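Just below is one structure, and these are the notes that go with it.
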Amino acid sequence: MRLSRFFIDAPLSLGSHELPEALAHYIGRVLRLSVGAAVQLFDGSGMEFLGEITEAGKKQVRVALSAQVAGQPESPLHIHLGQGLSRGERMDWAIQKATELGVSEITPIVSERCEVRLKDERADKRLAHWRQIAISACEQSGRSCVPMIHPPMALTDWLQSCSAELRLVLHPVAKPLSSHGKPASLAFLIGPEGGLSGSEVEQAQTTGFLAARLGPRVLRTETAPVVALSIAQQLWGDF
């Protein structure tokens with residue numbers, strides 16, 4: 001039977017811990033786990049902690065952690081995904097699947113054809129929402145480290161700050177991804193629903209990005225990162 005596995009946004013250690021209120025509510029009221037139930041916790045450090053519930057109330061849950069083990073190794077390929085900002089479920093899907101596929105960092109990119117504009121409080125709420133999606137994907141997939149979700153950034157700024165060894169912008173007229181040699185780190189630039197404009201692709205190339213294609217068909221913005229990351233992990237990562 002698979003252990004119930006949860007992320008704790010605080011350093012963990014062996015011994016007794018009171019869980020955060022939101023997680024306690026989920027465990028006690030939604031999952032209805034009771035005293036004696038086995039749990040597995042992780043804090044993003046790469047370690048996993050095994051234990052059991054010792055107290056299960058309506059608002060308070062305590063666990064006793066009795067063993068510490070190494071978590072799932074991260075992919076040897078560090079991947080930074082620059083994902084064009086898109087609407088609701090499409091962006092959520094891209095972040096969820098990218099996390100499952102081992103991405104290290106994700107930056108939502110604001111470009112010419114973005115149909116979404118986020119400011120101030122709304123941007124903070126969306127960032128918290130995306131981080132929770134990544135956390136849930138880690139809990140489900142077995143990852144012990146949560147990828148970094150950066151605040152939305154203008155395309156020009158991201159192009160200048162990106163420092164990956166191999167930087168690729170997806171484009172239907174280019175050499176295939178497999179034509180590139182194995183990098184130590186990799187960055188993908190993927191456009192929003194309307195794609196990147198021709199001038200944006202040129203801008204990316206002038207800052208050191210190389211054009212790469214995934215195949216003969218044009219993929220949706222939420223499909224492209226799934227395919228790109230899968231191929232990259234197969235070529236150079238841990239698939």
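Note on naming: chains are A, B, ... as they come in the structure tokens, residues start from 1 per chain, ligands start from 1 in the order shown.
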
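Residues lying within 9 Å of A:Leu229, counting only C-alpha atoms and ignoring same-chain neighbours fewer than 2 positions away, are Ile79, Leu81, Ala98, Leu101, Gly102, Val103, Phe188, Ala224, Pro225, Val226, Val227, Ile231, Ala232, Gln233 and Gln234 of chain A.
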
Enumerate, as a PyMOL selection string, the complete set of residues in stretch 15-229 of chain A that a backbone-based DSSP assignment places in strand (DSSP E or B). chain A and resi 15-18+38-42+47-56+61-70+72+78-84+105-110+143+148-149+153-154+166-176+185-190+210-213

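Here atom CA of A:Gly198 and atom CA of A:His150 stand 25.4 Å from one another.
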
Check your understanding: Among stretch 73-141 of chain A, which residues carry a DSSP assignment of alpha helix (DSSP H), reported as a count of residues only?
Key -> 35

Separating atom CA of A:Ala228 from atom CA of A:Pro152, to the nearest tenth of an Å, is a gap of 20.8 Å

### Task
Find the residues near stretch 105-108 of chain A: any atom within 6 Å, counting only C-alpha atoms, skip ones fewer than 3 places away on the same chain, and give them as a list in words.
His80, Leu81, Gly82, Gln83, Gly84, Leu85, Pro147, Met148, Ile149, His150 and Pro152 of chain A

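Residue nearest A:Gly28, chosen from A:Asp9, A:Glu55, A:Asp238, A:Asp43 and counting only C-alpha atoms: A:Glu55.
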
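What separates atom CA of A:Pro20 from atom CA of A:Gln96 is a distance of 23.1 Å.
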
For this session: Do a neighbour search on stretch 190-195 of chain A at 12 Å with only C-alpha atoms, toss out local chain neighbours closer than 4 positions, and write the hits as JSON, numbers by chain.
Result: {"A": [80, 81, 82, 83, 84, 85, 86, 87, 88, 90, 91, 94, 106, 107, 108, 109, 110, 111, 112, 113, 114, 115, 116, 155, 167, 168, 169, 170, 171, 172, 199, 200, 201, 204, 209, 211, 212, 213, 214, 218, 219, 220, 221, 222, 223, 224, 225, 226, 227, 228, 229]}

Close residues, A:Glu74 itself excluded, 10 Å, only C-alpha atoms, min 4 positions apart in chain, as number ranges by chain: A: 46, 78, 102-104, 143-145, 237-238

Next, write the just-selected residues to a file, as a compact mmCIF listing (two decimals), in the first residue's frame, keeping all heavy atoms as the atom set.
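Wrote out.txt, looks like this:
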```
# COMPACT_ATOMS: atom_id res chain seq x y z
N GLY A 46 15.52 17.21 -0.34
CA GLY A 46 15.99 15.99 -0.97
C GLY A 46 15.88 14.77 -0.07
O GLY A 46 16.14 13.65 -0.50
N HIS A 78 19.76 19.99 -15.54
CA HIS A 78 19.05 21.15 -14.98
C HIS A 78 18.31 21.85 -16.12
O HIS A 78 18.93 22.32 -17.07
CB HIS A 78 20.04 22.10 -14.32
CG HIS A 78 19.38 23.25 -13.62
ND1 HIS A 78 19.23 23.28 -12.25
CD2 HIS A 78 18.82 24.40 -14.08
CE1 HIS A 78 18.62 24.41 -11.90
NE2 HIS A 78 18.35 25.10 -13.00
N GLY A 102 10.38 16.60 -14.33
CA GLY A 102 11.69 16.86 -13.77
C GLY A 102 12.27 18.23 -14.01
O GLY A 102 13.48 18.42 -13.84
N VAL A 103 11.45 19.22 -14.40
CA VAL A 103 11.97 20.56 -14.63
C VAL A 103 12.53 21.13 -13.32
O VAL A 103 12.04 20.82 -12.24
CB VAL A 103 10.87 21.48 -15.20
CG1 VAL A 103 9.87 21.86 -14.13
CG2 VAL A 103 11.46 22.72 -15.84
N SER A 104 13.58 21.96 -13.43
CA SER A 104 14.21 22.54 -12.24
C SER A 104 13.66 23.92 -11.90
O SER A 104 13.52 24.27 -10.73
CB SER A 104 15.72 22.65 -12.46
OG SER A 104 16.28 21.42 -12.85
N ARG A 143 8.73 13.18 -6.43
CA ARG A 143 9.88 14.09 -6.39
C ARG A 143 10.09 14.61 -4.97
O ARG A 143 9.13 14.94 -4.27
CB ARG A 143 9.68 15.29 -7.32
CG ARG A 143 9.90 14.99 -8.77
CD ARG A 143 9.92 16.27 -9.62
NE ARG A 143 11.12 17.06 -9.40
CZ ARG A 143 11.41 18.17 -10.08
NH1 ARG A 143 10.57 18.61 -11.01
NH2 ARG A 143 12.52 18.83 -9.84
N SER A 144 11.34 14.71 -4.57
CA SER A 144 11.66 15.19 -3.23
C SER A 144 12.05 16.66 -3.22
O SER A 144 12.20 17.25 -2.14
CB SER A 144 12.80 14.36 -2.63
OG SER A 144 12.42 13.01 -2.51
N CYS A 145 12.25 17.25 -4.38
CA CYS A 145 12.61 18.66 -4.49
C CYS A 145 11.56 19.37 -5.34
O CYS A 145 11.20 18.88 -6.41
CB CYS A 145 13.98 18.83 -5.13
SG CYS A 145 15.34 18.13 -4.16
N GLY A 237 18.81 13.26 -19.98
CA GLY A 237 18.46 13.25 -18.57
C GLY A 237 18.37 11.87 -17.97
O GLY A 237 19.28 11.05 -18.14
N ASP A 238 17.26 11.56 -17.32
CA ASP A 238 17.15 10.29 -16.57
C ASP A 238 16.01 9.39 -17.04
O ASP A 238 15.56 8.54 -16.30
CB ASP A 238 17.01 10.57 -15.07
CG ASP A 238 15.80 11.45 -14.73
OD1 ASP A 238 15.07 11.84 -15.66
OD2 ASP A 238 15.59 11.72 -13.53
```
